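Q: You'll find data-v6.csv just under this line, and it carries CSV, C-alpha atoms and all ligand atoms.
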chain,number,residue,atom,x,y,z
A,1,MET,CA,28.1,1.9,-7.9
A,2,ILE,CA,27.1,5.4,-9.0
A,3,VAL,CA,23.7,6.6,-7.9
A,4,GLY,CA,21.6,9.5,-9.0
A,5,ILE,CA,18.7,10.6,-6.7
A,6,ILE,CA,15.9,12.5,-8.4
A,7,GLY,CA,13.6,14.1,-5.8
A,8,LEU,CA,15.1,15.4,-2.5
A,9,GLY,CA,12.0,15.7,-0.4
A,10,THR,CA,11.5,13.8,2.8
A,11,VAL,CA,12.4,10.4,1.5
A,12,GLY,CA,15.1,11.6,-0.9
A,13,TYR,CA,16.9,13.4,1.8
A,14,GLY,CA,16.6,10.4,4.1
A,15,THR,CA,18.0,8.1,1.4
A,16,LEU,CA,21.0,10.4,0.9
A,17,ASP,CA,21.6,10.6,4.6
A,18,ILE,CA,21.5,6.8,5.1
A,19,LEU,CA,23.8,6.3,2.1
A,20,THR,CA,26.2,8.8,3.5
A,21,LYS,CA,26.2,7.5,7.1
A,22,GLU,CA,26.2,3.8,6.3
A,23,LYS,CA,28.5,4.1,3.3
A,24,GLU,CA,31.4,2.0,4.6
A,25,ARG,CA,29.2,-0.9,5.9
A,26,LEU,CA,27.1,-1.0,2.7
A,27,GLU,CA,30.2,-0.9,0.5
A,28,LYS,CA,31.5,-4.0,2.4
A,29,LEU,CA,28.3,-5.8,1.6
A,30,ILE,CA,28.4,-5.3,-2.1
A,31,LYS,CA,32.2,-5.2,-2.4
A,32,GLU,CA,32.2,-2.0,-4.4
A,33,GLU,CA,32.3,1.8,-3.8
A,34,ILE,CA,28.9,3.5,-3.5
A,35,ARG,CA,28.9,7.1,-4.8
A,36,VAL,CA,25.9,9.4,-5.0
A,37,LYS,CA,26.8,11.5,-7.9
A,38,TYR,CA,23.7,13.6,-8.3
A,39,GLY,CA,20.9,15.1,-6.2
A,40,CYS,CA,18.2,16.4,-8.4
A,41,ALA,CA,15.5,18.7,-7.1
A,42,LEU,CA,13.8,22.0,-8.0
A,43,GLU,CA,14.8,23.6,-4.8
A,44,ASN,CA,18.4,23.7,-3.7
A,45,VAL,CA,19.1,21.6,-0.5
A,46,GLU,CA,22.3,21.2,1.3
A,47,LEU,CA,24.1,18.2,-0.2
A,48,PRO,CA,27.0,16.2,1.2
A,49,GLU,CA,30.4,17.1,-0.4
A,50,GLY,CA,30.9,15.6,-3.8
A,51,VAL,CA,27.2,15.3,-4.7
A,52,ILE,CA,26.3,17.4,-7.7
A,53,TYR,CA,23.2,19.4,-7.4
A,54,THR,CA,21.0,19.8,-10.5
A,55,THR,CA,17.5,20.8,-11.3
A,56,ASP,CA,17.5,18.9,-14.6
A,57,TYR,CA,16.8,15.2,-14.4
A,58,ARG,CA,18.3,14.7,-17.8
A,59,ASP,CA,21.7,15.4,-16.3
A,60,VAL,CA,21.2,12.3,-14.2
A,61,ILE,CA,19.7,9.8,-16.6
A,62,ASN,CA,22.0,10.8,-19.5
A,63,ASP,CA,25.2,10.5,-17.5
A,64,GLU,CA,26.9,7.3,-18.7
A,65,GLU,CA,28.5,6.8,-15.3
A,66,VAL,CA,25.2,6.5,-13.4
A,67,ASP,CA,24.2,2.9,-12.6
A,68,VAL,CA,21.1,3.4,-10.6
A,69,VAL,CA,18.5,6.1,-10.9
A,70,VAL,CA,16.4,6.6,-7.8
A,71,GLU,CA,13.0,8.3,-8.6
A,72,LEU,CA,11.4,9.9,-5.5
A,73,ILE,CA,9.4,12.7,-7.0
A,74,GLY,CA,6.1,10.8,-7.0
A,75,GLY,CA,3.2,11.4,-9.4
A,76,THR,CA,2.5,9.7,-12.7
A,77,THR,CA,3.6,12.2,-15.3
A,78,ILE,CA,7.2,13.4,-15.1
A,79,ALA,CA,8.1,10.5,-12.9
A,80,LYS,CA,7.0,8.1,-15.7
A,81,THR,CA,9.1,9.9,-18.3
A,82,ILE,CA,12.1,9.9,-16.0
A,83,ILE,CA,11.8,6.2,-15.3
A,84,LEU,CA,11.2,5.2,-18.9
A,85,GLU,CA,14.0,7.3,-20.2
A,86,ALA,CA,16.4,6.0,-17.5
A,87,ILE,CA,15.5,2.4,-18.4
A,88,LYS,CA,16.0,3.2,-22.1
A,89,ASN,CA,19.5,4.5,-21.2
A,90,GLY,CA,20.3,1.2,-19.5
A,91,LYS,CA,20.0,2.4,-15.9
A,92,ASN,CA,18.7,0.3,-13.0
A,93,VAL,CA,15.7,2.0,-11.3
A,94,VAL,CA,14.6,2.2,-7.7
A,95,THR,CA,11.3,4.0,-7.0
A,96,ALA,CA,8.8,4.5,-4.1
A,97,ASN,CA,6.1,5.6,-6.5
A,98,LYS,CA,3.0,3.5,-5.8
A,99,ALA,CA,0.6,5.3,-8.1
A,100,LEU,CA,3.0,5.0,-11.0
A,101,ILE,CA,3.5,1.2,-10.5
A,102,ALA,CA,-0.2,0.6,-9.9
A,103,HIS,CA,-1.2,2.4,-13.1
A,104,HIS,CA,1.8,1.8,-15.4
A,105,ALA,CA,3.6,-1.4,-14.2
A,106,GLN,CA,3.0,-3.2,-17.5
A,107,GLU,CA,4.6,-0.5,-19.7
A,108,ILE,CA,7.5,0.1,-17.2
A,109,PHE,CA,8.3,-3.6,-16.6
A,110,GLU,CA,8.2,-4.3,-20.4
A,111,ALA,CA,10.7,-1.5,-21.0
A,112,ALA,CA,12.9,-2.9,-18.2
A,113,ARG,CA,12.8,-6.4,-19.7
A,114,HIS,CA,13.5,-5.1,-23.1
A,115,ASN,CA,16.5,-3.1,-21.9
A,116,ASN,CA,17.7,-5.8,-19.5
A,117,VAL,CA,17.7,-3.6,-16.4
A,118,LYS,CA,16.4,-4.0,-12.9
A,119,ILE,CA,13.5,-2.1,-11.3
A,120,TYR,CA,12.7,-2.4,-7.6
A,121,TYR,CA,9.9,-0.7,-5.7
A,122,GLU,CA,9.9,-2.0,-2.1
A,123,ALA,CA,9.3,1.5,-0.7
A,124,SER,CA,6.0,1.8,-2.6
A,125,VAL,CA,4.1,-0.3,-0.1
A,126,GLY,CA,4.3,-0.2,3.7
A,127,GLY,CA,7.1,2.3,3.9
A,128,GLY,CA,10.1,0.4,5.2
A,129,ILE,CA,8.3,-2.8,6.0
A,130,PRO,CA,9.5,-5.6,3.7
A,131,VAL,CA,6.3,-6.6,2.0
A,132,VAL,CA,7.0,-6.4,-1.7
A,133,VAL,CA,10.1,-8.6,-1.7
A,134,PRO,CA,8.6,-11.5,0.2
A,135,ALA,CA,6.0,-12.3,-2.4
A,136,LYS,CA,8.7,-12.3,-5.1
A,137,GLU,CA,11.3,-14.2,-3.1
A,138,ASN,CA,10.7,-15.6,0.4
A,139,LEU,CA,7.2,-16.9,-0.2
A,140,VAL,CA,7.8,-18.5,-3.6
A,141,ALA,CA,7.2,-22.0,-2.3
A,142,ASN,CA,3.7,-21.1,-1.5
A,143,ASN,CA,0.5,-20.3,-3.4
A,144,ILE,CA,-0.6,-17.1,-1.8
A,145,LEU,CA,-4.3,-17.6,-1.0
A,146,LYS,CA,-5.1,-14.2,0.4
A,147,ILE,CA,-3.4,-10.8,1.2
A,148,GLU,CA,-5.0,-8.5,3.7
A,149,GLY,CA,-3.7,-5.3,5.2
A,150,ILE,CA,-3.9,-1.9,6.7
A,151,LEU,CA,-1.9,-0.1,4.0
A,152,ASN,CA,-2.7,3.5,4.7
A,153,GLY,CA,-1.3,5.1,7.9
A,154,THR,CA,-3.3,8.3,7.7
A,155,THR,CA,-6.8,6.6,7.7
A,156,ASN,CA,-5.6,4.2,10.4
A,157,PHE,CA,-4.5,7.1,12.5
A,158,ILE,CA,-7.9,8.8,12.0
A,159,LEU,CA,-9.9,5.6,12.8
A,160,SER,CA,-7.7,5.0,15.9
A,161,LEU,CA,-8.2,8.6,17.1
A,162,MET,CA,-12.0,8.4,16.6
A,163,GLU,CA,-12.0,5.3,18.7
A,164,THR,CA,-9.6,6.1,21.5
A,165,ASP,CA,-10.3,9.8,21.9
A,166,ASN,CA,-14.0,9.6,21.1
A,167,LEU,CA,-13.8,12.0,18.2
A,168,ASP,CA,-15.9,12.2,15.1
A,169,PHE,CA,-14.4,11.9,11.6
A,170,ASP,CA,-13.9,15.6,11.0
A,171,GLU,CA,-12.2,16.2,14.3
A,172,ALA,CA,-9.8,13.3,13.8
A,173,LEU,CA,-9.1,14.4,10.2
A,174,HIS,CA,-8.2,17.8,11.5
A,175,ILE,CA,-5.6,16.4,13.9
A,176,ALA,CA,-4.2,14.1,11.2
A,177,GLU,CA,-3.8,17.2,9.0
A,178,GLY,CA,-2.0,19.0,11.9
A,179,PHE,CA,0.5,16.2,12.0
A,180,GLY,CA,1.1,16.5,8.3
A,181,TYR,CA,-0.1,13.0,7.7
A,182,VAL,CA,-2.7,13.7,5.0
A,183,GLU,CA,-1.6,13.7,1.4
A,184,ALA,CA,-1.8,17.0,-0.6
A,185,ASP,CA,-4.7,15.4,-2.4
A,186,ALA,CA,-6.6,14.1,0.7
A,187,SER,CA,-8.8,11.9,-1.5
A,188,LEU,CA,-5.9,9.5,-2.0
A,189,ASP,CA,-5.9,8.7,1.7
A,190,LEU,CA,-9.6,9.2,2.7
A,191,ASP,CA,-11.2,7.5,-0.3
A,192,GLY,CA,-8.9,4.4,-0.2
A,193,ILE,CA,-7.1,5.2,-3.5
A,194,ASP,CA,-3.6,5.1,-1.9
A,195,ALA,CA,-4.4,1.7,-0.2
A,196,ALA,CA,-5.7,0.5,-3.6
A,197,HIS,CA,-2.4,1.4,-5.3
A,198,LYS,CA,-0.6,-0.6,-2.6
A,199,ILE,CA,-2.8,-3.7,-2.6
A,200,TYR,CA,-2.5,-3.7,-6.4
A,201,ILE,CA,1.3,-3.9,-6.2
A,202,LEU,CA,1.1,-6.7,-3.6
A,203,ALA,CA,-1.4,-8.7,-5.7
A,204,MET,CA,0.5,-8.2,-8.9
A,205,ASN,CA,3.6,-9.6,-7.2
A,206,ALA,CA,1.8,-12.4,-5.5
A,207,TYR,CA,-0.2,-13.5,-8.5
A,208,GLU,CA,2.3,-12.6,-11.3
A,209,THR,CA,-0.5,-10.8,-13.1
A,210,PHE,CA,-1.3,-7.3,-14.2
A,211,PHE,CA,-4.7,-6.0,-13.2
A,212,ASP,CA,-7.0,-3.3,-14.5
A,213,PHE,CA,-6.6,-0.8,-11.7
A,214,ASP,CA,-9.9,0.9,-12.4
A,215,SER,CA,-11.8,-2.3,-11.7
A,216,ILE,CA,-10.7,-2.4,-8.1
A,217,LYS,CA,-13.7,-1.4,-5.9
A,218,THR,CA,-12.4,1.2,-3.6
A,219,GLU,CA,-14.2,2.7,-0.6
A,220,GLY,CA,-12.7,5.0,2.0
A,221,ILE,CA,-13.5,5.9,5.5
A,222,ARG,CA,-15.6,9.1,5.1
A,223,LYS,CA,-18.8,7.4,5.9
A,224,VAL,CA,-17.5,5.6,9.1
A,225,THR,CA,-19.3,7.2,12.1
A,226,LYS,CA,-18.5,7.1,15.8
A,227,LYS,CA,-21.9,5.4,16.3
A,228,ASP,CA,-20.8,2.4,14.0
A,229,MET,CA,-17.5,2.2,15.9
A,230,ASP,CA,-19.3,2.0,19.2
A,231,TYR,CA,-21.7,-0.7,17.9
A,232,ALA,CA,-18.7,-2.6,16.4
A,233,LYS,CA,-17.0,-2.4,19.8
A,234,GLN,CA,-20.0,-3.8,21.6
A,235,LEU,CA,-19.9,-6.7,19.2
A,236,GLY,CA,-16.2,-7.4,19.8
A,237,TYR,CA,-14.9,-5.7,16.6
A,238,ARG,CA,-13.0,-2.6,15.4
A,239,ILE,CA,-13.5,-0.9,12.1
A,240,LYS,CA,-10.4,-0.8,10.0
A,241,LEU,CA,-9.7,0.2,6.4
A,242,ILE,CA,-8.8,-3.2,5.0
A,243,ALA,CA,-7.3,-3.8,1.6
A,244,GLN,CA,-7.5,-7.3,0.4
A,245,ALA,CA,-6.7,-9.5,-2.6
A,246,LYS,CA,-7.5,-13.1,-3.1
A,247,LYS,CA,-8.0,-15.8,-5.8
A,248,LEU,CA,-11.7,-16.5,-6.3
A,249,ASP,CA,-13.3,-19.2,-8.4
A,250,ASN,CA,-14.0,-16.7,-11.2
A,251,GLY,CA,-10.8,-14.7,-11.1
A,252,TYR,CA,-8.9,-12.4,-8.8
A,253,GLY,CA,-10.7,-10.2,-6.2
A,254,ILE,CA,-9.2,-7.0,-5.0
A,255,ASP,CA,-10.9,-4.4,-2.9
A,256,VAL,CA,-10.5,-1.7,-0.3
A,257,ALA,CA,-13.3,-1.1,2.2
A,258,PRO,CA,-14.0,-0.2,5.9
A,259,THR,CA,-14.3,-3.6,7.5
A,260,LEU,CA,-15.2,-4.9,11.0
A,261,VAL,CA,-12.2,-6.9,12.3
A,262,LYS,CA,-12.3,-9.1,15.4
A,263,LYS,CA,-10.8,-7.2,18.4
A,264,LYS,CA,-9.0,-10.4,19.5
A,265,GLY,CA,-7.2,-10.8,16.1
A,266,MET,CA,-3.8,-9.2,15.5
A,267,ILE,CA,-4.9,-6.8,12.7
A,268,SER,CA,-7.3,-5.0,15.0
A,269,HIS,CA,-4.4,-4.1,17.3
A,270,VAL,CA,-2.6,-2.1,14.6
A,271,MET,CA,-3.3,1.5,15.7
A,272,GLN,CA,-2.1,5.0,14.9
A,273,ALA,CA,-0.3,5.4,11.6
A,274,TYR,CA,1.1,1.8,11.6
A,275,ASN,CA,0.6,-0.6,8.7
A,276,VAL,CA,0.2,-4.3,8.6
A,277,VAL,CA,0.2,-6.9,5.9
A,278,GLU,CA,-0.9,-10.5,6.3
A,279,PHE,CA,-0.2,-13.2,3.7
A,280,THR,CA,-2.2,-16.4,3.9
A,281,CYS,CA,-0.3,-19.1,2.2
A,282,ASP,CA,-0.8,-22.8,1.7
A,283,TYR,CA,2.5,-24.0,3.2
A,284,LEU,CA,3.5,-21.2,5.6
A,285,ASP,CA,0.0,-20.5,6.7
A,286,ASN,CA,-0.2,-17.0,7.9
A,287,VAL,CA,2.6,-14.5,8.1
A,288,ILE,CA,2.2,-10.9,9.3
A,289,PHE,CA,4.4,-7.9,8.6
A,290,TYR,CA,3.9,-5.0,10.9
A,291,GLY,CA,5.6,-1.6,11.3
A,292,LYS,CA,5.7,2.0,10.2
A,293,GLY,CA,4.3,2.7,6.8
A,294,ALA,CA,5.7,6.2,6.2
A,295,GLY,CA,8.3,8.6,7.3
A,296,ARG,CA,11.7,9.9,6.2
A,297,TYR,CA,14.0,7.2,7.4
A,298,VAL,CA,11.4,4.5,7.5
A,299,THR,CA,10.8,4.7,3.7
A,300,ALA,CA,14.4,5.6,2.9
A,301,SER,CA,15.3,2.3,4.6
A,302,ALA,CA,13.5,0.4,1.9
A,303,VAL,CA,14.9,2.6,-0.9
A,304,VAL,CA,18.4,2.0,0.3
A,305,SER,CA,17.9,-1.8,0.5
A,306,ASP,CA,16.6,-1.7,-3.1
A,307,ILE,CA,19.7,0.3,-4.2
A,308,ILE,CA,21.9,-2.3,-2.7
A,309,LYS,CA,19.8,-5.1,-4.2
A,310,THR,CA,20.6,-3.8,-7.7
A,311,ALA,CA,24.2,-4.6,-7.1
A,312,ARG,CA,23.7,-8.0,-5.5
A,313,GLU,CA,21.2,-10.1,-7.3
A,314,ASP,CA,19.9,-11.2,-10.6
A,315,LYS,CA,17.0,-9.1,-11.8
A,316,TRP,CA,13.4,-10.0,-11.2
A,317,ILE,CA,11.8,-11.4,-14.3
A,318,HIS,CA,8.6,-9.5,-14.7
A,319,ALA,CA,6.8,-12.2,-16.7
A,320,TYR,CA,3.3,-11.4,-15.5
A,321,ALA,CA,0.1,-12.6,-17.1
A,322,PRO,CA,-1.6,-9.9,-19.2
A,323,LYS,CA,-3.8,-7.3,-17.6
A,324,GLN,CA,-7.1,-8.6,-16.4
A,325,LYS,CA,-10.2,-7.1,-14.8
A,326,VAL,CA,-10.6,-7.7,-11.1
A,327,VAL,CA,-13.8,-9.5,-10.0
A,328,PRO,CA,-15.7,-8.0,-7.1
A,329,ILE,CA,-15.4,-9.7,-3.7
A,330,THR,CA,-19.1,-10.0,-2.9
A,331,LYS,CA,-19.2,-12.9,-0.5
A,332,SER,CA,-18.7,-11.8,3.1
A,333,ARG,CA,-20.3,-11.4,6.5
A,334,TYR,CA,-21.9,-8.0,6.7
A,335,TYR,CA,-22.5,-5.4,9.5
A,336,VAL,CA,-25.9,-3.7,8.9
A,337,ARG,CA,-27.2,-0.8,10.9
A,338,THR,CA,-30.7,0.5,10.1
A,339,THR,CA,-33.7,2.0,11.7
A,340,SER,CA,-35.9,-0.4,9.7
A,341,ASN,CA,-36.8,-3.9,10.7
A,342,LEU,CA,-35.3,-6.3,8.2
A,343,ASP,CA,-36.1,-9.9,7.4
A,344,LEU,CA,-32.5,-10.9,7.5
A,345,ASP,CA,-30.5,-14.0,8.5
A,346,TYR,CA,-28.1,-12.9,11.3
A,347,ASP,CA,-25.5,-14.3,13.6
A,348,ILE,CA,-25.8,-11.4,15.9
A,349,TYR,CA,-28.6,-8.9,16.4
A,350,PHE,CA,-29.3,-6.1,18.9
A,351,SER,CA,-31.3,-2.9,19.0
A,352,GLU,CA,-30.4,0.3,20.7
A,353,GLY,CA,-32.7,3.3,20.5
A,354,GLU,CA,-34.0,3.4,17.0
A,355,ASP,CA,-31.1,1.4,15.6
A,356,ASN,CA,-31.2,-2.3,14.6
A,357,VAL,CA,-27.7,-3.8,14.2
A,358,TYR,CA,-27.2,-7.1,12.5
A,359,ILE,CA,-24.1,-9.1,11.8
A,360,THR,CA,-25.0,-11.6,9.0
A,361,PRO,CA,-23.5,-15.0,8.2
A,362,GLU,CA,-21.4,-15.1,5.0
A,363,MET,CA,-23.6,-14.2,2.1
A,364,GLU,CA,-23.6,-12.7,-1.4
A,365,ARG,CA,-24.0,-8.9,-1.4
A,366,SER,CA,-26.9,-9.3,-3.9
A,367,VAL,CA,-28.7,-11.5,-1.4
A,368,LEU,CA,-28.2,-8.9,1.3
A,369,ASP,CA,-29.4,-6.1,-1.0
A,370,ALA,CA,-32.5,-8.1,-1.8
A,371,HIS,CA,-33.4,-8.3,1.9
A,372,VAL,CA,-32.5,-4.7,2.5
A,373,GLY,CA,-34.7,-3.4,-0.3
A,374,ASP,CA,-35.2,0.4,0.0
A,375,ALA,CA,-34.3,0.6,3.7
A,376,VAL,CA,-31.6,3.1,4.5
A,377,CYS,CA,-28.6,1.1,5.9
A,378,GLN,CA,-25.0,1.5,6.9
A,379,ILE,CA,-23.3,-1.6,5.6
A,380,PHE,CA,-19.7,-2.7,6.2
A,381,LYS,CA,-17.9,-6.0,5.5
A,382,VAL,CA,-17.0,-8.1,8.5
A,383,ARG,CA,-13.7,-10.0,8.4
A,384,GLY,CA,-13.6,-13.7,9.3
B,1,LIG,N1,-0.4,8.7,2.7
B,1,LIG,C1,0.3,7.5,2.9
B,1,LIG,C2,-0.2,6.8,4.2
B,1,LIG,C3,1.8,7.7,3.0
B,1,LIG,O1,-0.9,7.5,4.9
B,1,LIG,O2,0.0,5.6,4.4
B,1,LIG,C4,2.6,6.5,2.9
B,1,LIG,O3,2.5,5.8,1.7
Could you render the structure as structure tokens?
A:
Amino acid sequence: MIVGIIGLGTVGYGTLDILTKEKERLEKLIKEEIRVKYGCALENVELPEGVIYTTDYRDVINDEEVDVVVELIGGTTIAKTIILEAIKNGKNVVTANKALIAHHAQEIFEAARHNNVKIYYEASVGGGIPVVVPAKENLVANNILKIEGILNGTTNFILSLMETDNLDFDEALHIAEGFGYVEADASLDLDGIDAAHKIYILAMNAYETFFDFDSIKTEGIRKVTKKDMDYAKQLGYRIKLIAQAKKLDNGYGIDVAPTLVKKKGMISHVMQAYNVVEFTCDYLDNVIFYGKGAGRYVTASAVVSDIIKTAREDKWIHAYAPKQKVVPITKSRYYVRTTSNLDLDYDIYFSEGEDNVYITPEMERSVLDAHVGDAVCQIFKVRG
């Protein structure tokens, strides 16, 4: 197998390193030689002997010897061109590019089908945690009723720090930036867009359907305050940025929102930059995947497993239903904090200082809004 890696940043370098160190063992698995022929990047990096350095991705995708093109540059412009051209040239493709898959899966998969090549993208969700393959393979006996997860490590790190170190949002963000966790475009993390890319991919795989990405309601963590975290804690909850997808009576619901999760449940114990994905299935019931969602070797682990997969198995048939709009997930229990007195059904209520805090039974958001009227409120969903 001849491999060309395009993008030699953190994950690209990790991929090259694993392929070099584990070469012999991996070759035994697939009963063929694995040779990384190209490392393509704009800046020269030290490459193992025998790997050709190039700054031009065309050297890689136009080389007839190359079997697998590994795209690790990210973004949705040049990366898209590289992948589509590689597919057109009959190359199998492995990518970690979540934004690209979430926005352009339909076009890319159609090209892959048309050209009879494989495309795998395990590293796009949950770093090295195997969460993309299960929905396509291990869980196929099941109808997947619901997917929920903490899919963004940066925001989970910030929320964890706010809680454990008693910091406000800006202080915790500053520390996360110091660790290099926050994306160059911080909005991707903080406004839930990165988590939306990832839940899109999980939902697409689970429901064999393309979705209209722009119809996913996405809310980040900027408005979560220490005060709400303290109230949540008093009520036996933690606030987490939860991405969810489920089948509703009127279509598929997908959203990302700060959500109160019960402290005694497993998801609430996922702290720091860790990720978790829980699939609720009809036969298997609940299955949870937990681990590190980012990092050089963590993500490279998934990339390498996809590279090996191209040699081992039949390709996935991307026969998804046509793109459809996502319907809003409006029925939930809600946490409401307000200084007003509301006429509202509640399971839990308490007041502290000028605040009234309610946890409602499950209700439609429109019903809640009608009761809230003009009152200024902080509102979050409550899980379970
Ligand atoms: N910004 C992402 C995160 C990186 O924090 O999870 C991994 O996809």
Q: May I ask which of the residues A:Asp212, A:Asp170, A:Glu313, A:Glu177 is the closest one to ligand LIG 1 (chain B), counting only C-alpha atoms and all ligand atoms?
A: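 Answer, going by the shortest atom-to-atom distance: A:Glu177.
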Q: For ligand LIG 1 (chain B), which residue out of A:Ala79, A:Ile379, A:Val132, A:Ile193 is the nearest one, using all atoms listed in the file?
A: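 Comparing A:Ala79, A:Ile379, A:Val132, A:Ile193 against ligand LIG 1 (chain B), the winner is A:Ile193.
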Q: Hey, which of A:Thr77, A:Asn356, A:Asn275, A:Thr330 ends up closest to ligand LIG 1 (chain B)? Count all atoms listed in the file.
A: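 The closest residue to ligand LIG 1 (chain B) is A:Asn275.
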Q: Would you mind telling me which residue in A:Asn152, A:Thr259, A:Asn138, A:Ser187 lies nearest to ligand LIG 1 (chain B) when using all atoms listed in the file?
A: A:Asn152
Q: Counting all atoms listed in the file, which residues of stretch 263-332 of chain A sit at most 10 Å from some atom of stretch 358-376 of chain A, and what is each one's closest atom pair with its distance in Å to one decimal, listed by chain and rising residue number, as JSON lines?
A:
{"residue": "A:Ile329", "atom": "CA", "partner": "A:Arg365", "partner_atom": "CA", "distance": 8.9}
{"residue": "A:Thr330", "atom": "CA", "partner": "A:Arg365", "partner_atom": "CA", "distance": 5.2}
{"residue": "A:Lys331", "atom": "CA", "partner": "A:Glu364", "partner_atom": "CA", "distance": 4.5}
{"residue": "A:Ser332", "atom": "CA", "partner": "A:Glu362", "partner_atom": "CA", "distance": 4.7}
Q: Point out the residue among A:Ile348, A:Val11, A:Ile78, A:Leu47 with the least atom-to-atom distance to ligand LIG 1 (chain B), counting all atoms listed in the file.
A: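 The shortest atom-to-atom distance to ligand LIG 1 (chain B) comes from A:Val11.
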Q: Please find the residues contacting ligand LIG 1 (chain B) at a distance of at most 8 Å between atoms, with only C-alpha atoms and all ligand atoms counted, and report them as number ranges by chain.
A: A: 98, 124-127, 151-156, 181-183, 188-189, 194-195, 273, 275, 293-295
Q: Could you write out that same residue set with C-alpha atoms as an mmCIF file, in the coordinates of the input?
A:
data_model
loop_
_atom_site.group_PDB
_atom_site.id
_atom_site.type_symbol
_atom_site.label_atom_id
_atom_site.label_comp_id
_atom_site.auth_asym_id
_atom_site.auth_seq_id
_atom_site.Cartn_x
_atom_site.Cartn_y
_atom_site.Cartn_z
ATOM 1 C CA LYS A 98 3.000 3.500 -5.800
ATOM 2 C CA SER A 124 6.000 1.800 -2.600
ATOM 3 C CA VAL A 125 4.100 -0.300 -0.100
ATOM 4 C CA GLY A 126 4.300 -0.200 3.700
ATOM 5 C CA GLY A 127 7.100 2.300 3.900
ATOM 6 C CA LEU A 151 -1.900 -0.100 4.000
ATOM 7 C CA ASN A 152 -2.700 3.500 4.700
ATOM 8 C CA GLY A 153 -1.300 5.100 7.900
ATOM 9 C CA THR A 154 -3.300 8.300 7.700
ATOM 10 C CA THR A 155 -6.800 6.600 7.700
ATOM 11 C CA ASN A 156 -5.600 4.200 10.400
ATOM 12 C CA TYR A 181 -0.100 13.000 7.700
ATOM 13 C CA VAL A 182 -2.700 13.700 5.000
ATOM 14 C CA GLU A 183 -1.600 13.700 1.400
ATOM 15 C CA LEU A 188 -5.900 9.500 -2.000
ATOM 16 C CA ASP A 189 -5.900 8.700 1.700
ATOM 17 C CA ASP A 194 -3.600 5.100 -1.900
ATOM 18 C CA ALA A 195 -4.400 1.700 -0.200
ATOM 19 C CA ALA A 273 -0.300 5.400 11.600
ATOM 20 C CA ASN A 275 0.600 -0.600 8.700
ATOM 21 C CA GLY A 293 4.300 2.700 6.800
ATOM 22 C CA ALA A 294 5.700 6.200 6.200
ATOM 23 C CA GLY A 295 8.300 8.600 7.300
#
Q: One decimal, Å: what's the distance from atom CA of A:Pro134 over to atom CA of A:Phe211, could you say?
A: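 Atom CA of A:Phe211 lies 19.7 Å from atom CA of A:Pro134.
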Q: Rounded to one decimal in Å, what is the spacing between atom CA of A:Gly12 and atom CA of A:Lys88?
A: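 About the pair atom CA of A:Gly12 and atom CA of A:Lys88: they are 22.8 Å apart.
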Q: Mind pulling up the distance from atom CA of A:Gln234 to atom CA of A:Ile150?
A: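 Atom CA of A:Gln234 lies at a distance of 22.0 Å from atom CA of A:Ile150.
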Q: Tell me which of A:Lys325, A:His103, A:Lys31, A:Arg58 sits closest to A:Thr81, counting all atoms listed in the file.
A: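 Smallest separation from A:Thr81 among the options: A:Arg58.
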Q: Please return as number ranges by chain every residue within 6 Å of (13.7, 6.8, -13.6), taking into account all atoms listed in the file and the file's own coordinates.
A: A: 69, 71, 82-83, 86, 93
Q: For A:Leu29, find every residue with an atom within 10 Å (counting only C-alpha atoms), except residues of its own chain fewer than 4 positions away, and show them as a PyMOL selection string.
A: chain A and resi 24-25+308+311-312
Q: Show me the residues around (-18.5, -8.1, 18.0) - criterion: an atom at most 9 Å away, only C-alpha atoms counted - as a PyMOL selection string.
A: chain A and resi 231-238+260-263+348+359
Q: Report as a ChimeraX atom specification all protein, DNA and RNA residues lying within 9 Å of A:Trp316, evaluated on only C-alpha atoms, omitting residues in the same chain fewer than 3 positions from it.
A: /A:118-120,136,313,319
Q: Name the residues in contact with A:Cys40 at a cut-off of 12 Å, using all atoms listed in the file, excluding same-chain residues fewer than 4 positions from it; report them as a tab-separated table (two decimals) with C-alpha atoms, in the coordinates of the input.
A:
chain	number	residue	atom	x	y	z
A	3	VAL	CA	23.70	6.60	-7.90
A	4	GLY	CA	21.60	9.50	-9.00
A	5	ILE	CA	18.70	10.60	-6.70
A	6	ILE	CA	15.90	12.50	-8.40
A	7	GLY	CA	13.60	14.10	-5.80
A	8	LEU	CA	15.10	15.40	-2.50
A	9	GLY	CA	12.00	15.70	-0.40
A	12	GLY	CA	15.10	11.60	-0.90
A	13	TYR	CA	16.90	13.40	1.80
A	16	LEU	CA	21.00	10.40	0.90
A	36	VAL	CA	25.90	9.40	-5.00
A	44	ASN	CA	18.40	23.70	-3.70
A	45	VAL	CA	19.10	21.60	-0.50
A	46	GLU	CA	22.30	21.20	1.30
A	47	LEU	CA	24.10	18.20	-0.20
A	51	VAL	CA	27.20	15.30	-4.70
A	52	ILE	CA	26.30	17.40	-7.70
A	53	TYR	CA	23.20	19.40	-7.40
A	54	THR	CA	21.00	19.80	-10.50
A	55	THR	CA	17.50	20.80	-11.30
A	56	ASP	CA	17.50	18.90	-14.60
A	57	TYR	CA	16.80	15.20	-14.40
A	58	ARG	CA	18.30	14.70	-17.80
A	59	ASP	CA	21.70	15.40	-16.30
A	60	VAL	CA	21.20	12.30	-14.20
A	61	ILE	CA	19.70	9.80	-16.60
A	69	VAL	CA	18.50	6.10	-10.90
A	70	VAL	CA	16.40	6.60	-7.80
A	71	GLU	CA	13.00	8.30	-8.60
A	72	LEU	CA	11.40	9.90	-5.50
A	73	ILE	CA	9.40	12.70	-7.00
A	82	ILE	CA	12.10	9.90	-16.00
